[in-house]
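Please read the structure below before turning to the comments.
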Amino acid sequence: PWIFGIPVNLKLSFSQKKADSTYIKYGFDSEIDYMFSSDITLSALFSTYNIIAGTRVIPRFTVYNSSLFSSGVKITYDTRDSRLVSRKGLLFSNSYELAVKKITGPEEYLLKDDPRKISHHKMKFDLEFYQRIFSNQIAVLKLRWREIQGDETQPDDLFLLGGTNSLRGYREEQFQGNRLIYSNLEYRFLMDENSYAFLFFDAGHFLRKEIKKEAVPELKGFKTGYGLGLGIGTGLGLLNVSYALGEGDGISKGKIHFGIQSGF
């Protein structure tokens with residue numbers, strides 16, 4: 001934060017994901033933030049990743065081996081009174097990224113007319129609203145929109161839905177799509193400065209477009225989940241535990257989600 005004493009923050013992260021035997025994706029994300037004020041931030045985004053197709057007992061195409069570079073911009077407006085346990089305020093974030101993927105293999109699945117470069121446009125929209133109802137009760141509404149447009153998309157390009165941070169009552173990253181729209185509605189009962197109990201209702205829509213080359217049909221759906229949980233302040237940050245039911249679930253089929261959020 002505050003590089004050379006000016007209102008500029010630098011963020012850098014490394015991640016690696018192994019999606020079963022489908023692919024391995026690893027690389028870096030970086031973000032440069034310029035703070036116009038305590039509420040408004042303009043960011044430059046840069047990412048570079050490598051994607052390696054997984055190996056299977058029975059060989060078949062899963063994803064391209066590729067390298068990816070993306071860049072974009074993001075604007076954030078944040079009036080929340082706290083990053084972890086907000087009682088009032090608004091968070092708005094909107095970003096746009098252009099990603100270019102260079103295809104490098106596997107050679108046995110590349111045809112002469114296959115593209116060697118693929119480009120995508122990624123758009124993200126986040127809105128969070130916090131409103132105190134009574135002295136110890138807070139209403140929370142979160143809205144999310146994710147969309148990727150452009151050339152042919154592979155599984156590693158798609159957005160993921162389901163689990164602790166998106167649609168509770170379903171497995172982590174159970175659904176994937178070129179477009180996701182989902183919401184989280186919570187009613188919180190404060191227990192102390194950094195802890196609360198809550199009831200919630202989540203709803204989400206996903207759309208995965210048809211891939212004609214691989215005979216993959218269009219897939220879309222709308223899912224809901226509901227339940228209750230606890231947010232507990234700990235030395236490591238805010239520990240979030242919830243019990244959630246998805247569509248058609250009986251009490252014994254509910255899912256328990258864990259998550260921890262921290263900051264400095």
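Identifiers for the structure tokens are assigned positionally: chains receive A, B, ... in sequence, residues are indexed from 1 per chain, and ligands are indexed from 1 in the order shown.
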Enumerate, in order of chain and increasing residue number, the residues of segment 12-118 of chain A with an atom no farther than 10 Å from segment 156-176 of chain A, each with its shortest atom pair and distance in Å to one decimal, counting only C-alpha atoms, as CSV.
```
residue,atom,partner,partner_atom,distance
A:Lys17,CA,A:Asp156,CA,9.8
A:Ala19,CA,A:Asp156,CA,8.7
A:Thr22,CA,A:Asp156,CA,9.1
A:Tyr23,CA,A:Asp156,CA,7.6
A:Ile24,CA,A:Asp156,CA,8.8
A:Lys25,CA,A:Asp156,CA,7.6
A:Ile51,CA,A:Asp156,CA,7.8
A:Ile52,CA,A:Asp156,CA,10.0
A:Ala53,CA,A:Asp156,CA,9.9
A:Thr62,CA,A:Asp156,CA,9.9
A:Val63,CA,A:Asp156,CA,7.7
A:Tyr64,CA,A:Asp156,CA,9.4
A:Ala99,CA,A:Asp157,CA,9.8
A:Lys101,CA,A:Asp157,CA,9.9
```
Residues as selected, C-alpha atoms, written as a PDB file, in the first residue's frame, can you do that?
```pdb
ATOM      1  CA  LYS A  17      -5.603 -25.043  -9.906  1.00  0.00           C
ATOM      2  CA  ALA A  19      -9.249 -29.528 -12.251  1.00  0.00           C
ATOM      3  CA  THR A  22      -9.016 -32.084 -17.207  1.00  0.00           C
ATOM      4  CA  TYR A  23      -6.314 -29.418 -16.869  1.00  0.00           C
ATOM      5  CA  ILE A  24      -3.808 -27.626 -14.648  1.00  0.00           C
ATOM      6  CA  LYS A  25      -3.851 -23.820 -14.662  1.00  0.00           C
ATOM      7  CA  ILE A  51      -2.844 -24.079 -19.054  1.00  0.00           C
ATOM      8  CA  ILE A  52      -1.762 -27.709 -19.449  1.00  0.00           C
ATOM      9  CA  ALA A  53      -4.182 -30.409 -20.582  1.00  0.00           C
ATOM     10  CA  THR A  62      -9.990 -31.893 -22.868  1.00  0.00           C
ATOM     11  CA  VAL A  63      -8.486 -28.416 -23.322  1.00  0.00           C
ATOM     12  CA  TYR A  64      -5.733 -26.813 -25.387  1.00  0.00           C
ATOM     13  CA  ALA A  99      -7.581 -11.808 -22.784  1.00  0.00           C
ATOM     14  CA  LYS A 101      -4.685 -17.041 -25.456  1.00  0.00           C
TER      15      LYS A 101
END
```
Quick check for you: according to DSSP on this backbone, which residues of segment 130-258 of chain A are classed as strand (DSSP E)? Reply as a tab-separated table (two decimals) with N, CA and C atoms, in the first residue's frame.
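So the final result, stored in result_20.tsv, reads:
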```
chain	number	residue	atom	x	y	z
A	130	TYR	N	-25.45	-2.68	2.34
A	130	TYR	CA	-25.60	-3.00	3.76
A	130	TYR	C	-26.48	-1.92	4.41
A	131	GLN	N	-27.51	-2.37	5.14
A	131	GLN	CA	-28.42	-1.43	5.78
A	131	GLN	C	-28.76	-1.91	7.19
A	132	ARG	N	-28.51	-1.05	8.19
A	132	ARG	CA	-28.90	-1.37	9.56
A	132	ARG	C	-30.41	-1.25	9.70
A	133	ILE	N	-31.08	-2.30	10.19
A	133	ILE	CA	-32.53	-2.29	10.39
A	133	ILE	C	-32.85	-1.88	11.83
A	134	PHE	N	-32.26	-2.57	12.78
A	134	PHE	CA	-32.33	-2.21	14.19
A	134	PHE	C	-30.91	-2.10	14.71
A	137	GLN	N	-29.31	-5.54	14.04
A	137	GLN	CA	-29.75	-6.33	12.90
A	137	GLN	C	-29.40	-5.60	11.60
A	138	ILE	N	-28.80	-6.36	10.65
A	138	ILE	CA	-28.31	-5.78	9.41
A	138	ILE	C	-28.87	-6.58	8.23
A	139	ALA	N	-29.37	-5.88	7.22
A	139	ALA	CA	-29.80	-6.51	5.97
A	139	ALA	C	-28.69	-6.35	4.94
A	140	VAL	N	-28.38	-7.43	4.22
A	140	VAL	CA	-27.29	-7.43	3.24
A	140	VAL	C	-27.80	-7.97	1.91
A	141	LEU	N	-27.51	-7.25	0.84
A	141	LEU	CA	-27.86	-7.71	-0.51
A	141	LEU	C	-26.61	-7.64	-1.37
A	142	LYS	N	-26.25	-8.77	-2.02
A	142	LYS	CA	-25.11	-8.82	-2.93
A	142	LYS	C	-25.58	-9.30	-4.30
A	143	LEU	N	-25.14	-8.61	-5.35
A	143	LEU	CA	-25.46	-8.98	-6.72
A	143	LEU	C	-24.16	-9.16	-7.50
A	144	ARG	N	-24.09	-10.20	-8.33
A	144	ARG	CA	-22.90	-10.47	-9.13
A	144	ARG	C	-23.31	-10.81	-10.57
A	145	TRP	N	-22.52	-10.28	-11.52
A	145	TRP	CA	-22.70	-10.63	-12.94
A	145	TRP	C	-21.32	-10.88	-13.52
A	146	ARG	N	-21.17	-12.01	-14.24
A	146	ARG	CA	-19.93	-12.38	-14.89
A	146	ARG	C	-20.25	-12.82	-16.32
A	147	GLU	N	-19.45	-12.36	-17.29
A	147	GLU	CA	-19.70	-12.78	-18.67
A	147	GLU	C	-18.39	-12.77	-19.45
A	148	ILE	N	-18.21	-13.79	-20.30
A	148	ILE	CA	-17.08	-13.86	-21.21
A	148	ILE	C	-17.61	-14.00	-22.63
A	149	GLN	N	-17.11	-13.17	-23.54
A	149	GLN	CA	-17.54	-13.18	-24.92
A	149	GLN	C	-16.31	-13.27	-25.81
A	150	GLY	N	-16.52	-13.75	-27.04
A	150	GLY	CA	-15.42	-13.81	-27.99
A	150	GLY	C	-15.34	-15.15	-28.67
A	159	PHE	N	-16.54	-19.15	-16.08
A	159	PHE	CA	-16.76	-18.76	-14.69
A	159	PHE	C	-17.44	-19.90	-13.95
A	160	LEU	N	-17.22	-19.96	-12.64
A	160	LEU	CA	-17.70	-21.08	-11.83
A	160	LEU	C	-18.67	-20.60	-10.76
A	161	LEU	N	-19.70	-21.42	-10.52
A	161	LEU	CA	-20.77	-21.06	-9.59
A	161	LEU	C	-21.05	-22.22	-8.65
A	175	PHE	N	-21.29	-25.57	-11.00
A	175	PHE	CA	-21.79	-25.14	-12.30
A	175	PHE	C	-20.76	-24.22	-12.96
A	176	GLN	N	-20.74	-24.21	-14.29
A	176	GLN	CA	-19.84	-23.33	-15.02
A	176	GLN	C	-20.58	-22.71	-16.19
A	177	GLY	N	-20.12	-21.55	-16.61
A	177	GLY	CA	-20.83	-20.90	-17.71
A	177	GLY	C	-20.09	-19.71	-18.29
A	179	ARG	N	-21.81	-17.12	-18.84
A	179	ARG	CA	-22.50	-16.03	-18.14
A	179	ARG	C	-23.03	-16.54	-16.81
A	180	LEU	N	-22.77	-15.80	-15.75
A	180	LEU	CA	-23.32	-16.08	-14.43
A	180	LEU	C	-23.99	-14.82	-13.90
A	181	ILE	N	-25.15	-14.99	-13.30
A	181	ILE	CA	-25.81	-13.91	-12.57
A	181	ILE	C	-26.33	-14.52	-11.27
A	182	TYR	N	-25.88	-13.99	-10.13
A	182	TYR	CA	-26.34	-14.56	-8.88
A	182	TYR	C	-26.43	-13.49	-7.79
A	183	SER	N	-27.23	-13.81	-6.78
A	183	SER	CA	-27.46	-12.86	-5.68
A	183	SER	C	-27.42	-13.59	-4.35
A	184	ASN	N	-27.08	-12.83	-3.31
A	184	ASN	CA	-27.06	-13.34	-1.93
A	184	ASN	C	-27.80	-12.34	-1.04
A	185	LEU	N	-28.82	-12.82	-0.37
A	185	LEU	CA	-29.59	-11.99	0.55
A	185	LEU	C	-29.40	-12.55	1.95
A	186	GLU	N	-28.94	-11.71	2.89
A	186	GLU	CA	-28.70	-12.15	4.27
A	186	GLU	C	-29.38	-11.20	5.26
A	187	TYR	N	-29.84	-11.79	6.35
A	187	TYR	CA	-30.34	-10.99	7.47
A	187	TYR	C	-29.50	-11.38	8.68
A	188	ARG	N	-28.70	-10.41	9.18
A	188	ARG	CA	-27.72	-10.70	10.21
A	188	ARG	C	-28.16	-10.19	11.57
A	189	PHE	N	-27.84	-10.98	12.60
A	189	PHE	CA	-28.10	-10.61	14.00
A	189	PHE	C	-26.74	-10.48	14.69
A	190	LEU	N	-26.32	-9.27	14.99
A	190	LEU	CA	-25.01	-9.04	15.57
A	190	LEU	C	-24.94	-9.60	16.99
A	191	MET	N	-23.86	-10.33	17.28
A	191	MET	CA	-23.63	-10.88	18.63
A	191	MET	C	-22.60	-10.06	19.38
A	192	ASP	N	-21.62	-9.52	18.67
A	192	ASP	CA	-20.66	-8.59	19.23
A	192	ASP	C	-20.06	-7.80	18.08
A	195	SER	N	-18.84	-10.52	15.32
A	195	SER	CA	-19.51	-11.81	15.12
A	195	SER	C	-21.01	-11.61	14.93
A	196	TYR	N	-21.63	-12.54	14.20
A	196	TYR	CA	-23.07	-12.44	13.95
A	196	TYR	C	-23.61	-13.80	13.52
A	197	ALA	N	-24.93	-13.98	13.73
A	197	ALA	CA	-25.66	-15.11	13.17
A	197	ALA	C	-26.47	-14.57	11.99
A	198	PHE	N	-26.82	-15.44	11.04
A	198	PHE	CA	-27.55	-14.95	9.88
A	198	PHE	C	-28.43	-16.02	9.23
A	199	LEU	N	-29.47	-15.54	8.57
A	199	LEU	CA	-30.30	-16.33	7.68
A	199	LEU	C	-29.99	-15.86	6.26
A	200	PHE	N	-30.07	-16.76	5.27
A	200	PHE	CA	-29.73	-16.33	3.91
A	200	PHE	C	-30.59	-17.04	2.86
A	201	PHE	N	-30.66	-16.38	1.71
A	201	PHE	CA	-31.30	-16.95	0.52
A	201	PHE	C	-30.44	-16.57	-0.68
A	202	ASP	N	-29.97	-17.57	-1.42
A	202	ASP	CA	-29.13	-17.35	-2.60
A	202	ASP	C	-29.89	-17.79	-3.86
A	203	ALA	N	-29.62	-17.12	-4.96
A	203	ALA	CA	-30.21	-17.49	-6.25
A	203	ALA	C	-29.18	-17.24	-7.34
A	204	GLY	N	-29.12	-18.14	-8.32
A	204	GLY	CA	-28.13	-17.99	-9.37
A	204	GLY	C	-28.57	-18.56	-10.71
A	205	HIS	N	-28.15	-17.88	-11.78
A	205	HIS	CA	-28.41	-18.32	-13.16
A	205	HIS	C	-27.07	-18.55	-13.85
A	206	PHE	N	-26.96	-19.63	-14.64
A	206	PHE	CA	-25.75	-19.87	-15.40
A	206	PHE	C	-26.11	-20.26	-16.83
A	207	LEU	N	-25.24	-19.88	-17.77
A	207	LEU	CA	-25.42	-20.21	-19.19
A	207	LEU	C	-24.08	-20.62	-19.76
A	208	ARG	N	-23.99	-21.85	-20.23
A	208	ARG	CA	-22.80	-22.31	-20.95
A	208	ARG	C	-23.19	-22.46	-22.41
A	219	LEU	N	-26.10	-25.27	-22.25
A	219	LEU	CA	-26.60	-25.70	-20.94
A	219	LEU	C	-26.87	-24.46	-20.10
A	220	LYS	N	-28.06	-24.40	-19.53
A	220	LYS	CA	-28.39	-23.26	-18.68
A	220	LYS	C	-29.32	-23.72	-17.57
A	221	GLY	N	-29.38	-22.92	-16.50
A	221	GLY	CA	-30.23	-23.28	-15.38
A	221	GLY	C	-30.34	-22.14	-14.39
A	222	PHE	N	-31.31	-22.29	-13.49
A	222	PHE	CA	-31.52	-21.33	-12.41
A	222	PHE	C	-31.67	-22.13	-11.12
A	223	LYS	N	-30.86	-21.81	-10.11
A	223	LYS	CA	-30.84	-22.56	-8.87
A	223	LYS	C	-30.99	-21.62	-7.68
A	224	THR	N	-31.57	-22.16	-6.60
A	224	THR	CA	-31.70	-21.40	-5.36
A	224	THR	C	-31.20	-22.23	-4.19
A	225	GLY	N	-30.78	-21.55	-3.13
A	225	GLY	CA	-30.35	-22.20	-1.92
A	225	GLY	C	-30.67	-21.32	-0.72
A	226	TYR	N	-30.84	-21.93	0.44
A	226	TYR	CA	-31.18	-21.15	1.63
A	226	TYR	C	-30.67	-21.87	2.87
A	227	GLY	N	-30.58	-21.13	3.98
A	227	GLY	CA	-30.10	-21.75	5.20
A	227	GLY	C	-29.76	-20.72	6.26
A	228	LEU	N	-28.86	-21.10	7.15
A	228	LEU	CA	-28.46	-20.24	8.25
A	228	LEU	C	-26.99	-20.46	8.55
A	229	GLY	N	-26.41	-19.54	9.33
A	229	GLY	CA	-24.99	-19.68	9.61
A	229	GLY	C	-24.49	-18.72	10.66
A	230	LEU	N	-23.17	-18.75	10.86
A	230	LEU	CA	-22.48	-17.90	11.83
A	230	LEU	C	-21.27	-17.26	11.17
A	231	GLY	N	-21.04	-15.99	11.49
A	231	GLY	CA	-19.80	-15.32	11.15
A	231	GLY	C	-19.09	-15.02	12.46
A	232	ILE	N	-17.91	-15.60	12.68
A	232	ILE	CA	-17.23	-15.51	13.97
A	232	ILE	C	-15.89	-14.82	13.80
A	233	GLY	N	-15.67	-13.74	14.54
A	233	GLY	CA	-14.40	-13.05	14.50
A	233	GLY	C	-13.32	-13.85	15.22
A	234	THR	N	-12.21	-14.12	14.55
A	234	THR	CA	-11.09	-14.87	15.13
A	234	THR	C	-9.80	-14.10	14.89
A	237	GLY	N	-9.13	-13.85	11.21
A	237	GLY	CA	-10.08	-13.13	10.38
A	237	GLY	C	-11.50	-13.58	10.69
A	238	LEU	N	-12.40	-13.36	9.76
A	238	LEU	CA	-13.80	-13.71	9.94
A	238	LEU	C	-14.05	-15.13	9.45
A	239	LEU	N	-14.37	-16.06	10.37
A	239	LEU	CA	-14.70	-17.43	10.03
A	239	LEU	C	-16.20	-17.52	9.76
A	240	ASN	N	-16.55	-17.99	8.55
A	240	ASN	CA	-17.94	-18.09	8.15
A	240	ASN	C	-18.33	-19.55	8.01
A	241	VAL	N	-19.35	-19.98	8.75
A	241	VAL	CA	-19.84	-21.36	8.71
A	241	VAL	C	-21.34	-21.31	8.43
A	242	SER	N	-21.80	-22.07	7.44
A	242	SER	CA	-23.23	-22.06	7.12
A	242	SER	C	-23.73	-23.46	6.79
A	243	TYR	N	-25.01	-23.66	7.06
A	243	TYR	CA	-25.70	-24.91	6.70
A	243	TYR	C	-26.74	-24.54	5.65
A	244	ALA	N	-26.66	-25.18	4.47
A	244	ALA	CA	-27.48	-24.75	3.33
A	244	ALA	C	-28.19	-25.91	2.67
A	245	LEU	N	-29.36	-25.62	2.16
A	245	LEU	CA	-30.16	-26.59	1.41
A	245	LEU	C	-30.34	-26.08	-0.03
A	246	GLY	N	-30.07	-26.94	-0.99
A	246	GLY	CA	-30.33	-26.62	-2.39
A	246	GLY	C	-31.71	-27.13	-2.79
A	255	LYS	N	-25.79	-29.05	3.07
A	255	LYS	CA	-24.33	-28.94	2.94
A	255	LYS	C	-23.80	-27.92	3.93
A	256	ILE	N	-22.64	-28.21	4.50
A	256	ILE	CA	-21.98	-27.30	5.43
A	256	ILE	C	-20.83	-26.62	4.70
A	257	HIS	N	-20.85	-25.29	4.69
A	257	HIS	CA	-19.82	-24.51	4.00
A	257	HIS	C	-18.94	-23.79	5.01
A	258	PHE	N	-17.64	-23.77	4.74
A	258	PHE	CA	-16.68	-23.05	5.58
A	258	PHE	C	-15.94	-22.03	4.73
```
Show which residues sit within 7 Å of Ser15 of chain A, as an mmCIF file with all heavy atoms, in the first residue's frame. Count only C-alpha atoms, and ignore same-chain residues fewer than 2 positions away.
```
data_model
loop_
_atom_site.group_PDB
_atom_site.id
_atom_site.type_symbol
_atom_site.label_atom_id
_atom_site.label_comp_id
_atom_site.auth_asym_id
_atom_site.auth_seq_id
_atom_site.Cartn_x
_atom_site.Cartn_y
_atom_site.Cartn_z
ATOM 1 N N SER A 13 -0.436 -11.770 -6.882
ATOM 2 C CA SER A 13 -0.820 -13.078 -6.352
ATOM 3 C C SER A 13 -0.435 -14.179 -7.332
ATOM 4 O O SER A 13 -0.334 -13.947 -8.546
ATOM 5 C CB SER A 13 -2.327 -13.135 -6.072
ATOM 6 O OG SER A 13 -3.066 -13.021 -7.281
ATOM 7 N N LYS A 17 -4.390 -24.233 -10.039
ATOM 8 C CA LYS A 17 -5.603 -25.043 -9.906
ATOM 9 C C LYS A 17 -5.448 -26.311 -10.732
ATOM 10 O O LYS A 17 -5.062 -26.260 -11.897
ATOM 11 C CB LYS A 17 -6.825 -24.259 -10.391
ATOM 12 C CG LYS A 17 -8.100 -25.088 -10.369
ATOM 13 C CD LYS A 17 -9.295 -24.297 -10.858
ATOM 14 C CE LYS A 17 -10.552 -25.150 -10.817
ATOM 15 N NZ LYS A 17 -11.743 -24.410 -11.263
ATOM 16 N N TYR A 26 -2.020 -22.394 -13.928
ATOM 17 C CA TYR A 26 -1.238 -21.690 -12.919
ATOM 18 C C TYR A 26 -0.713 -20.373 -13.498
ATOM 19 O O TYR A 26 -0.518 -20.248 -14.719
ATOM 20 C CB TYR A 26 -0.076 -22.550 -12.424
ATOM 21 C CG TYR A 26 0.958 -22.881 -13.480
ATOM 22 C CD1 TYR A 26 2.095 -22.089 -13.650
ATOM 23 C CD2 TYR A 26 0.804 -23.986 -14.310
ATOM 24 C CE1 TYR A 26 3.035 -22.384 -14.620
ATOM 25 C CE2 TYR A 26 1.739 -24.292 -15.276
ATOM 26 C CZ TYR A 26 2.858 -23.492 -15.435
ATOM 27 O OH TYR A 26 3.773 -23.783 -16.406
ATOM 28 N N GLY A 27 -0.510 -19.387 -12.626
ATOM 29 C CA GLY A 27 0.007 -18.120 -13.102
ATOM 30 C C GLY A 27 -0.130 -17.009 -12.084
ATOM 31 O O GLY A 27 -0.406 -17.243 -10.901
ATOM 32 N N PHE A 28 0.056 -15.774 -12.559
ATOM 33 C CA PHE A 28 0.103 -14.599 -11.696
ATOM 34 C C PHE A 28 -1.002 -13.608 -12.063
ATOM 35 O O PHE A 28 -1.369 -13.460 -13.237
ATOM 36 C CB PHE A 28 1.451 -13.893 -11.837
ATOM 37 C CG PHE A 28 2.605 -14.659 -11.282
ATOM 38 C CD1 PHE A 28 3.316 -15.541 -12.090
ATOM 39 C CD2 PHE A 28 2.981 -14.517 -9.955
ATOM 40 C CE1 PHE A 28 4.390 -16.252 -11.580
ATOM 41 C CE2 PHE A 28 4.054 -15.222 -9.439
ATOM 42 C CZ PHE A 28 4.758 -16.091 -10.255
#
```
| query | Of the candidates A:Thr55, A:Ile75, A:Leu68, A:Glu128, which shows the shortest atom-to-atom distance to Lys88 of chain A, using only C-alpha atoms? | reply |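 Among the listed residues, A:Glu128 lies closest to Lys88 of chain A.
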Write out as a tab-separated table (two decimals) with N, CA, C and O atoms, in the first residue's frame all residues of segment 57-185 of chain A that backbone DSSP assigns to helix (DSSP H, G or I).
```tsv
chain	number	residue	atom	x	y	z
A	107	GLU	N	-0.46	-31.41	-29.92
A	107	GLU	CA	-0.32	-31.44	-31.37
A	107	GLU	C	-1.28	-32.43	-32.02
A	107	GLU	O	-1.78	-32.19	-33.12
A	108	GLU	N	-1.54	-33.57	-31.36
A	108	GLU	CA	-2.38	-34.59	-31.99
A	108	GLU	C	-3.83	-34.14	-32.17
A	108	GLU	O	-4.59	-34.77	-32.92
A	109	TYR	N	-4.22	-33.05	-31.48
A	109	TYR	CA	-5.59	-32.58	-31.60
A	109	TYR	C	-5.71	-31.26	-32.39
A	109	TYR	O	-6.79	-30.72	-32.53
A	155	PRO	N	-13.08	-25.12	-20.99
A	155	PRO	CA	-13.46	-25.17	-19.57
A	155	PRO	C	-12.65	-24.25	-18.67
A	155	PRO	O	-13.18	-23.71	-17.70
A	156	ASP	N	-11.37	-24.04	-18.99
A	156	ASP	CA	-10.55	-23.18	-18.13
A	156	ASP	C	-10.89	-21.70	-18.27
A	156	ASP	O	-10.46	-20.88	-17.47
A	157	ASP	N	-11.65	-21.33	-19.30
A	157	ASP	CA	-12.05	-19.93	-19.50
A	157	ASP	C	-13.32	-19.57	-18.73
A	157	ASP	O	-13.58	-18.40	-18.47
```
| When you draw a straight line from atom CA of Pro7 of chain A to atom CA of Asp33 of chain A, how long is it in Å? |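 We find that atom CA of Pro7 of chain A and atom CA of Asp33 of chain A lie 8.1 Å from each other.
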| field | Among listed residues A:Val73, A:Gly89, A:Asp39, A:Pro106, nearest Pro59 of chain A (using only C-alpha atoms) | value |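 Once distances to Pro59 of chain A are computed over only C-alpha atoms, the minimum belongs to A:Pro106.
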| request: Give me, please, the distance in Å between atom CA of Asn194 of chain A and atom CA of Ile260 of chain A, quoted to one decimal. | output: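 Taking atom CA of Asn194 of chain A as the start and atom CA of Ile260 of chain A as the end point, the length is 13.1 Å.
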